[in-house]
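As stored in my_file-v7.tsv (TSV, N, CA, C and O atoms):
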chain	number	residue	atom	x	y	z
A	1104	MET	N	-20.03	6.99	-25.72
A	1104	MET	CA	-20.60	6.52	-24.47
A	1104	MET	C	-19.57	6.67	-23.37
A	1104	MET	O	-18.40	6.35	-23.55
A	1105	SER	N	-19.98	7.14	-22.24
A	1105	SER	CA	-19.07	7.24	-21.10
A	1105	SER	C	-19.73	6.59	-19.89
A	1105	SER	O	-20.95	6.59	-19.76
A	1106	ALA	N	-18.90	6.04	-19.04
A	1106	ALA	CA	-19.40	5.38	-17.83
A	1106	ALA	C	-18.60	5.92	-16.65
A	1106	ALA	O	-17.39	6.11	-16.74
A	1107	THR	N	-19.29	6.16	-15.58
A	1107	THR	CA	-18.63	6.62	-14.37
A	1107	THR	C	-18.41	5.44	-13.44
A	1107	THR	O	-18.95	4.35	-13.65
A	1108	LEU	N	-17.64	5.68	-12.41
A	1108	LEU	CA	-17.42	4.64	-11.40
A	1108	LEU	C	-18.75	4.25	-10.76
A	1108	LEU	O	-19.00	3.07	-10.48
A	1109	GLU	N	-19.62	5.22	-10.56
A	1109	GLU	CA	-20.94	4.94	-9.99
A	1109	GLU	C	-21.74	4.00	-10.89
A	1109	GLU	O	-22.42	3.09	-10.41
A	1110	ASP	N	-21.63	4.19	-12.21
A	1110	ASP	CA	-22.31	3.29	-13.15
A	1110	ASP	C	-21.80	1.86	-13.00
A	1110	ASP	O	-22.58	0.90	-13.00
A	1111	VAL	N	-20.49	1.73	-12.86
A	1111	VAL	CA	-19.89	0.40	-12.71
A	1111	VAL	C	-20.35	-0.24	-11.41
A	1111	VAL	O	-20.74	-1.42	-11.38
A	1112	ILE	N	-20.34	0.52	-10.33
A	1112	ILE	CA	-20.77	-0.01	-9.04
A	1112	ILE	C	-22.23	-0.43	-9.08
A	1112	ILE	O	-22.61	-1.49	-8.58
A	1113	ASN	N	-23.07	0.40	-9.71
A	1113	ASN	CA	-24.49	0.04	-9.84
A	1113	ASN	C	-24.67	-1.24	-10.64
A	1113	ASN	O	-25.51	-2.08	-10.31
A	1114	PHE	N	-23.87	-1.39	-11.70
A	1114	PHE	CA	-23.95	-2.62	-12.49
A	1114	PHE	C	-23.57	-3.83	-11.65
A	1114	PHE	O	-24.26	-4.85	-11.65
A	1115	ILE	N	-22.48	-3.72	-10.90
A	1115	ILE	CA	-22.01	-4.84	-10.07
A	1115	ILE	C	-23.07	-5.22	-9.04
A	1115	ILE	O	-23.33	-6.39	-8.80
A	1116	GLU	N	-23.68	-4.21	-8.43
A	1116	GLU	CA	-24.71	-4.48	-7.41
A	1116	GLU	C	-25.92	-5.19	-7.99
A	1116	GLU	O	-26.56	-5.98	-7.31
A	1117	SER	N	-26.23	-4.93	-9.26
A	1117	SER	CA	-27.43	-5.53	-9.85
A	1117	SER	C	-27.12	-6.74	-10.74
A	1117	SER	O	-28.05	-7.39	-11.23
A	1118	ALA	N	-25.85	-7.06	-10.92
A	1118	ALA	CA	-25.47	-8.15	-11.83
A	1118	ALA	C	-25.82	-9.52	-11.24
A	1118	ALA	O	-25.83	-9.70	-10.02
A	1119	SER	N	-26.04	-10.46	-12.13
A	1119	SER	CA	-26.31	-11.84	-11.70
A	1119	SER	C	-25.00	-12.51	-11.30
A	1119	SER	O	-23.91	-12.03	-11.65
A	1120	ASP	N	-25.11	-13.62	-10.59
A	1120	ASP	CA	-23.92	-14.36	-10.18
A	1120	ASP	C	-23.10	-14.81	-11.39
A	1120	ASP	O	-21.87	-14.78	-11.36
A	1121	SER	N	-23.77	-15.23	-12.45
A	1121	SER	CA	-23.04	-15.70	-13.64
A	1121	SER	C	-22.29	-14.55	-14.30
A	1121	SER	O	-21.17	-14.73	-14.77
A	1122	ASP	N	-22.90	-13.34	-14.33
A	1122	ASP	CA	-22.20	-12.18	-14.89
A	1122	ASP	C	-20.97	-11.84	-14.05
A	1122	ASP	O	-19.89	-11.55	-14.58
A	1123	LEU	N	-21.13	-11.88	-12.73
A	1123	LEU	CA	-20.00	-11.58	-11.84
A	1123	LEU	C	-18.90	-12.63	-11.99
A	1123	LEU	O	-17.71	-12.29	-11.99
A	1124	SER	N	-19.27	-13.90	-12.14
A	1124	SER	CA	-18.28	-14.95	-12.35
A	1124	SER	C	-17.52	-14.74	-13.65
A	1124	SER	O	-16.30	-14.95	-13.70
A	1125	THR	N	-18.22	-14.32	-14.68
A	1125	THR	CA	-17.57	-14.03	-15.96
A	1125	THR	C	-16.58	-12.88	-15.82
A	1125	THR	O	-15.46	-12.94	-16.33
A	1126	ILE	N	-16.97	-11.85	-15.08
A	1126	ILE	CA	-16.07	-10.70	-14.85
A	1126	ILE	C	-14.82	-11.15	-14.09
A	1126	ILE	O	-13.70	-10.79	-14.46
A	1127	VAL	N	-15.01	-11.96	-13.05
A	1127	VAL	CA	-13.87	-12.46	-12.27
A	1127	VAL	C	-12.94	-13.27	-13.17
A	1127	VAL	O	-11.72	-13.12	-13.11
A	1128	SER	N	-13.51	-14.11	-14.02
A	1128	SER	CA	-12.68	-14.92	-14.94
A	1128	SER	C	-11.86	-14.04	-15.86
A	1128	SER	O	-10.68	-14.28	-16.08
A	1129	GLU	N	-12.49	-13.01	-16.40
A	1129	GLU	CA	-11.79	-12.09	-17.30
A	1129	GLU	C	-10.67	-11.35	-16.57
A	1129	GLU	O	-9.57	-11.19	-17.09
A	1130	ILE	N	-10.95	-10.91	-15.36
A	1130	ILE	CA	-9.95	-10.17	-14.57
A	1130	ILE	C	-8.77	-11.07	-14.24
A	1130	ILE	O	-7.61	-10.66	-14.37
A	1131	THR	N	-9.01	-12.30	-13.82
A	1131	THR	CA	-7.91	-13.20	-13.47
A	1131	THR	C	-7.11	-13.60	-14.70
A	1131	THR	O	-5.90	-13.78	-14.61
A	1132	GLU	N	-7.77	-13.72	-15.86
A	1132	GLU	CA	-7.04	-14.03	-17.10
A	1132	GLU	C	-6.10	-12.89	-17.48
A	1132	GLU	O	-5.09	-13.11	-18.14
A	1133	LYS	N	-6.43	-11.67	-17.08
A	1133	LYS	CA	-5.58	-10.51	-17.36
A	1133	LYS	C	-4.42	-10.41	-16.38
A	1133	LYS	O	-3.60	-9.52	-16.47
A	1134	GLY	N	-4.36	-11.33	-15.40
A	1134	GLY	CA	-3.23	-11.35	-14.48
A	1134	GLY	C	-3.49	-10.74	-13.13
A	1134	GLY	O	-2.58	-10.65	-12.30
A	1135	TYR	N	-4.70	-10.30	-12.86
A	1135	TYR	CA	-5.02	-9.75	-11.56
A	1135	TYR	C	-5.43	-10.87	-10.62
A	1135	TYR	O	-6.08	-11.81	-11.01
A	1136	GLU	N	-5.02	-10.73	-9.35
A	1136	GLU	CA	-5.38	-11.73	-8.36
A	1136	GLU	C	-6.75	-11.40	-7.79
A	1136	GLU	O	-7.12	-10.24	-7.65
A	1137	TYR	N	-7.48	-12.42	-7.45
A	1137	TYR	CA	-8.81	-12.24	-6.89
A	1137	TYR	C	-8.95	-13.18	-5.71
A	1137	TYR	O	-8.56	-14.34	-5.77
A	1138	GLU	N	-9.49	-12.66	-4.62
A	1138	GLU	CA	-9.78	-13.49	-3.45
A	1138	GLU	C	-11.25	-13.31	-3.12
A	1138	GLU	O	-11.80	-12.22	-3.24
A	1139	CYS	N	-11.86	-14.38	-2.68
A	1139	CYS	CA	-13.26	-14.27	-2.28
A	1139	CYS	C	-13.35	-13.39	-1.04
A	1139	CYS	O	-12.39	-13.19	-0.32
A	1140	TYR	N	-14.53	-12.89	-0.77
A	1140	TYR	CA	-14.74	-12.01	0.38
A	1140	TYR	C	-14.34	-12.69	1.68
A	1140	TYR	O	-13.73	-12.07	2.55
A	1141	GLU	N	-14.62	-13.98	1.79
A	1141	GLU	CA	-14.28	-14.70	3.01
A	1141	GLU	C	-12.77	-14.72	3.23
A	1141	GLU	O	-12.30	-14.59	4.35
A	1142	CYS	N	-12.01	-14.89	2.15
A	1142	CYS	CA	-10.55	-14.90	2.29
A	1142	CYS	C	-10.03	-13.51	2.67
A	1142	CYS	O	-9.11	-13.38	3.45
A	1143	GLU	N	-10.63	-12.49	2.09
A	1143	GLU	CA	-10.20	-11.13	2.40
A	1143	GLU	C	-10.45	-10.79	3.87
A	1143	GLU	O	-9.70	-10.05	4.48
A	1144	THR	N	-11.52	-11.34	4.44
A	1144	THR	CA	-11.84	-11.04	5.83
A	1144	THR	C	-11.40	-12.16	6.76
A	1144	THR	O	-11.69	-12.13	7.95
A	1145	HIS	N	-10.72	-13.16	6.22
A	1145	HIS	CA	-10.21	-14.31	6.97
A	1145	HIS	C	-11.32	-15.10	7.66
A	1145	HIS	O	-11.16	-15.57	8.76
A	1146	GLU	N	-12.46	-15.21	6.97
A	1146	GLU	CA	-13.56	-16.00	7.49
A	1146	GLU	C	-13.68	-17.34	6.77
A	1146	GLU	O	-14.52	-18.15	7.09
A	1147	CYS	N	-12.85	-17.55	5.79
A	1147	CYS	CA	-12.93	-18.75	4.96
A	1147	CYS	C	-12.24	-19.92	5.68
A	1147	CYS	O	-11.11	-19.79	6.14
A	1148	GLU	N	-12.91	-21.04	5.77
A	1148	GLU	CA	-12.34	-22.20	6.46
A	1148	GLU	C	-11.13	-22.76	5.71
A	1148	GLU	O	-10.25	-23.36	6.30
A	1149	GLU	N	-11.12	-22.59	4.39
A	1149	GLU	CA	-10.04	-23.15	3.57
A	1149	GLU	C	-8.91	-22.15	3.36
A	1149	GLU	O	-7.99	-22.42	2.62
A	1150	CYS	N	-8.97	-21.02	4.01
A	1150	CYS	CA	-8.01	-19.95	3.79
A	1150	CYS	C	-6.63	-20.34	4.32
A	1150	CYS	O	-6.49	-20.83	5.43
A	1151	SER	N	-5.61	-20.11	3.50
A	1151	SER	CA	-4.24	-20.37	3.93
A	1151	SER	C	-3.43	-19.08	3.86
A	1151	SER	O	-2.22	-19.10	3.68
A	1152	CYS	N	-4.11	-17.94	4.03
A	1152	CYS	CA	-3.46	-16.64	3.91
A	1152	CYS	C	-2.28	-16.49	4.87
A	1152	CYS	O	-1.21	-16.02	4.48
A	1153	ASP	N	-2.48	-16.89	6.13
A	1153	ASP	CA	-1.41	-16.74	7.12
A	1153	ASP	C	-0.21	-17.61	6.76
A	1153	ASP	O	0.93	-17.17	6.86
A	1154	GLU	N	-0.46	-18.84	6.32
A	1154	GLU	CA	0.63	-19.73	5.93
A	1154	GLU	C	1.39	-19.16	4.74
A	1154	GLU	O	2.61	-19.16	4.71
A	1155	ASP	N	0.64	-18.66	3.74
A	1155	ASP	CA	1.26	-18.09	2.55
A	1155	ASP	C	2.09	-16.87	2.92
A	1155	ASP	O	3.20	-16.67	2.42
A	1156	MET	N	1.56	-16.02	3.81
A	1156	MET	CA	2.26	-14.82	4.22
A	1156	MET	C	3.52	-15.16	5.00
A	1156	MET	O	4.55	-14.52	4.82
A	1157	ASN	N	3.44	-16.16	5.88
A	1157	ASN	CA	4.62	-16.57	6.63
A	1157	ASN	C	5.73	-17.04	5.71
A	1157	ASN	O	6.90	-16.72	5.92
A	1158	GLU	N	5.36	-17.79	4.68
A	1158	GLU	CA	6.36	-18.27	3.72
A	1158	GLU	C	6.99	-17.10	2.97
A	1158	GLU	O	8.20	-17.05	2.79
A	1159	GLU	N	6.16	-16.11	2.59
A	1159	GLU	CA	6.70	-14.92	1.91
A	1159	GLU	C	7.64	-14.16	2.83
A	1159	GLU	O	8.70	-13.71	2.41
A	1160	LYS	N	7.25	-14.00	4.09
A	1160	LYS	CA	8.10	-13.29	5.05
A	1160	LYS	C	9.43	-14.01	5.22
A	1160	LYS	O	10.49	-13.38	5.21
A	1161	GLU	N	9.37	-15.33	5.39
A	1161	GLU	CA	10.60	-16.11	5.56
A	1161	GLU	C	11.50	-15.96	4.35
A	1161	GLU	O	12.71	-15.76	4.48
A	1162	ASN	N	10.92	-16.04	3.15
A	1162	ASN	CA	11.71	-15.91	1.93
A	1162	ASN	C	12.34	-14.53	1.83
A	1162	ASN	O	13.50	-14.39	1.42
A	1163	PHE	N	11.58	-13.49	2.19
A	1163	PHE	CA	12.12	-12.14	2.10
A	1163	PHE	C	13.23	-11.92	3.12
A	1163	PHE	O	14.27	-11.34	2.81
A	1164	ILE	N	13.03	-12.41	4.34
A	1164	ILE	CA	14.08	-12.27	5.37
A	1164	ILE	C	15.33	-13.04	4.95
A	1164	ILE	O	16.45	-12.56	5.10
A	1165	ARG	N	15.14	-14.23	4.40
A	1165	ARG	CA	16.27	-15.02	3.90
A	1165	ARG	C	17.01	-14.24	2.80
A	1165	ARG	O	18.24	-14.16	2.79
A	1166	HIS	N	16.23	-13.62	1.90
A	1166	HIS	CA	16.82	-12.83	0.81
A	1166	HIS	C	17.63	-11.65	1.37
A	1166	HIS	O	18.74	-11.40	0.93
A	1167	LEU	N	17.04	-10.95	2.36
A	1167	LEU	CA	17.77	-9.81	2.96
A	1167	LEU	C	19.04	-10.28	3.66
A	1167	LEU	O	20.08	-9.61	3.58
A	1168	ALA	N	18.99	-11.40	4.35
A	1168	ALA	CA	20.18	-11.93	5.02
A	1168	ALA	C	21.27	-12.26	4.01
A	1168	ALA	O	22.45	-11.99	4.25
A	1169	GLN	N	20.88	-12.83	2.87
A	1169	GLN	CA	21.86	-13.12	1.82
A	1169	GLN	C	22.46	-11.84	1.26
A	1169	GLN	O	23.66	-11.78	1.00
A	1170	ARG	N	21.62	-10.79	1.09
A	1170	ARG	CA	22.13	-9.49	0.61
A	1170	ARG	C	23.11	-8.91	1.63
A	1170	ARG	O	24.14	-8.35	1.27
A	1171	LEU	N	22.77	-9.05	2.91
A	1171	LEU	CA	23.65	-8.55	3.97
A	1171	LEU	C	24.99	-9.26	3.92
A	1171	LEU	O	26.04	-8.61	3.95
A	1172	ASN	N	24.97	-10.58	3.81
A	1172	ASN	CA	26.21	-11.35	3.78
A	1172	ASN	C	27.03	-11.07	2.52
A	1172	ASN	O	28.25	-11.05	2.56
A	1173	GLN	N	26.34	-10.85	1.41
A	1173	GLN	CA	27.05	-10.69	0.14
A	1173	GLN	C	27.51	-9.25	-0.11
A	1173	GLN	O	28.62	-9.02	-0.55
A	1174	PHE	N	26.62	-8.27	0.17
A	1174	PHE	CA	26.91	-6.89	-0.23
A	1174	PHE	C	27.05	-5.91	0.93
A	1174	PHE	O	27.44	-4.78	0.73
A	1175	GLY	N	26.66	-6.30	2.12
A	1175	GLY	CA	26.81	-5.42	3.27
A	1175	GLY	C	25.49	-4.84	3.76
A	1175	GLY	O	24.44	-4.96	3.13
A	1176	LEU	N	25.59	-4.20	4.90
A	1176	LEU	CA	24.42	-3.67	5.59
A	1176	LEU	C	23.72	-2.57	4.80
A	1176	LEU	O	22.49	-2.54	4.73
A	1177	ASP	N	24.48	-1.65	4.21
A	1177	ASP	CA	23.86	-0.55	3.46
A	1177	ASP	C	22.98	-1.06	2.34
A	1177	ASP	O	21.87	-0.58	2.12
A	1178	ASP	N	23.46	-2.05	1.59
A	1178	ASP	CA	22.70	-2.61	0.49
A	1178	ASP	C	21.42	-3.28	0.99
A	1178	ASP	O	20.34	-3.10	0.44
A	1179	MET	N	21.55	-4.06	2.05
A	1179	MET	CA	20.40	-4.77	2.61
A	1179	MET	C	19.35	-3.78	3.11
A	1179	MET	O	18.17	-3.92	2.81
A	1180	LEU	N	19.76	-2.75	3.82
A	1180	LEU	CA	18.82	-1.76	4.31
A	1180	LEU	C	18.19	-0.96	3.17
A	1180	LEU	O	17.01	-0.62	3.22
A	1181	SER	N	18.96	-0.69	2.14
A	1181	SER	CA	18.43	0.01	0.98
A	1181	SER	C	17.32	-0.79	0.32
A	1181	SER	O	16.27	-0.26	-0.05
A	1182	GLU	N	17.54	-2.09	0.17
A	1182	GLU	CA	16.52	-2.94	-0.45
A	1182	GLU	C	15.29	-3.04	0.44
A	1182	GLU	O	14.16	-3.01	-0.05
A	1183	LEU	N	15.47	-3.15	1.75
A	1183	LEU	CA	14.35	-3.19	2.68
A	1183	LEU	C	13.56	-1.89	2.59
A	1183	LEU	O	12.33	-1.90	2.56
A	1184	GLU	N	14.26	-0.77	2.52
A	1184	GLU	CA	13.61	0.53	2.42
A	1184	GLU	C	12.81	0.64	1.12
A	1184	GLU	O	11.67	1.10	1.13
A	1185	GLU	N	13.37	0.19	0.01
A	1185	GLU	CA	12.66	0.20	-1.28
A	1185	GLU	C	11.40	-0.66	-1.23
A	1185	GLU	O	10.34	-0.27	-1.71
A	1186	GLU	N	11.53	-1.84	-0.66
A	1186	GLU	CA	10.39	-2.76	-0.57
A	1186	GLU	C	9.28	-2.14	0.28
A	1186	GLU	O	8.11	-2.20	-0.08
A	1187	ALA	N	9.63	-1.54	1.40
A	1187	ALA	CA	8.64	-0.90	2.27
A	1187	ALA	C	7.97	0.27	1.54
A	1187	ALA	O	6.75	0.43	1.61
A	1188	ARG	N	8.75	1.06	0.82
A	1188	ARG	CA	8.21	2.21	0.10
A	1188	ARG	C	7.23	1.78	-0.98
A	1188	ARG	O	6.29	2.49	-1.29
A	1189	SER	N	7.42	0.56	-1.54
A	1189	SER	CA	6.54	0.09	-2.61
A	1189	SER	C	5.10	-0.09	-2.14
A	1189	SER	O	4.20	-0.11	-2.95
A	1190	PHE	N	4.87	-0.23	-0.84
A	1190	PHE	CA	3.50	-0.28	-0.36
A	1190	PHE	C	3.20	0.80	0.68
A	1190	PHE	O	2.37	0.65	1.55
A	1191	GLY	N	3.90	1.94	0.53
A	1191	GLY	CA	3.55	3.14	1.28
A	1191	GLY	C	4.10	3.26	2.68
A	1191	GLY	O	3.63	4.09	3.46
A	1192	MET	N	5.12	2.47	3.02
A	1192	MET	CA	5.71	2.59	4.35
A	1192	MET	C	7.11	3.18	4.21
A	1192	MET	O	7.80	2.93	3.23
A	1193	TYR	N	7.50	3.94	5.19
A	1193	TYR	CA	8.83	4.56	5.16
A	1193	TYR	C	9.61	4.13	6.39
A	1193	TYR	O	9.07	4.04	7.49
A	1194	ILE	N	10.88	3.86	6.18
A	1194	ILE	CA	11.76	3.44	7.26
A	1194	ILE	C	12.71	4.59	7.56
A	1194	ILE	O	13.35	5.12	6.66
A	1195	LYS	N	12.81	4.95	8.82
A	1195	LYS	CA	13.74	5.99	9.23
A	1195	LYS	C	15.04	5.33	9.58
A	1195	LYS	O	15.14	4.58	10.56
A	1196	LEU	N	16.05	5.57	8.79
A	1196	LEU	CA	17.39	5.03	9.06
A	1196	LEU	C	18.26	6.17	9.54
A	1196	LEU	O	18.30	7.23	8.95
A	1197	ARG	N	18.97	5.92	10.64
A	1197	ARG	CA	19.89	6.94	11.14
A	1197	ARG	C	21.15	6.24	11.65
A	1197	ARG	O	21.10	5.11	12.12
A	1198	ALA	N	22.23	6.95	11.54
A	1198	ALA	CA	23.51	6.40	12.00
A	1198	ALA	C	23.56	6.43	13.52
A	1198	ALA	O	23.09	7.35	14.16
A	1199	VAL	N	24.15	5.40	14.08
A	1199	VAL	CA	24.32	5.32	15.52
A	1199	VAL	C	25.79	5.61	15.81
A	1199	VAL	O	26.69	5.01	15.22
A	1200	ALA	N	26.03	6.52	16.72
A	1200	ALA	CA	27.40	6.92	17.02
A	1200	ALA	C	28.09	5.95	17.94
A	1200	ALA	O	27.57	5.23	18.69
Before anything else, please render the file you have as structure tokens.
Amino acid sequence: MSATLEDVINFIESASDSDLSTIVSEITEKGYEYECYECETHECEECSCDEDMNEEKENFIRHLAQRLNQFGLDDMLSELEEEARSFGMYIKLRAVA
């Protein structure tokens, strides 16, 4: 038996709420994160996405500052460049004369 992505999408579109809830439970048990549609679009009244992101940003900046103080600018910029590359962004670093 083989299933295509279209088969999966058709199943999801026609599935009952209880089937979809079961799928979400299985996915989260496997370690994947799941957010409701409202959270993804920031329409959820209980959403704390911005607060969570600010805390992550602060922690990362703090981490980079510690790397700068401990190992120097090259190391800190290298880590920043690696982190950016991990989600498809590239940083252009050039020496200033």
What is the distance between atom C of Arg1188 (chain A) and atom C of Phe1163 (chain A), in Å to one decimal?
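Interatomic distance, atom C of Arg1188 (chain A) to atom C of Phe1163 (chain A): 15.5 Å.
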Computed interatomic separation between CA of Glu1158 (chain A) and atom O of Glu1182 (chain A) (Å):
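If I compute the distance from CA of Glu1158 (chain A) to atom O of Glu1182 (chain A), I get 17.5 Å.
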For atom O of Ile1130 (chain A) and atom C of Phe1114 (chain A), the interatomic separation in Å (one decimal):
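Atom C of Phe1114 (chain A) lies 17.6 Å from atom O of Ile1130 (chain A).
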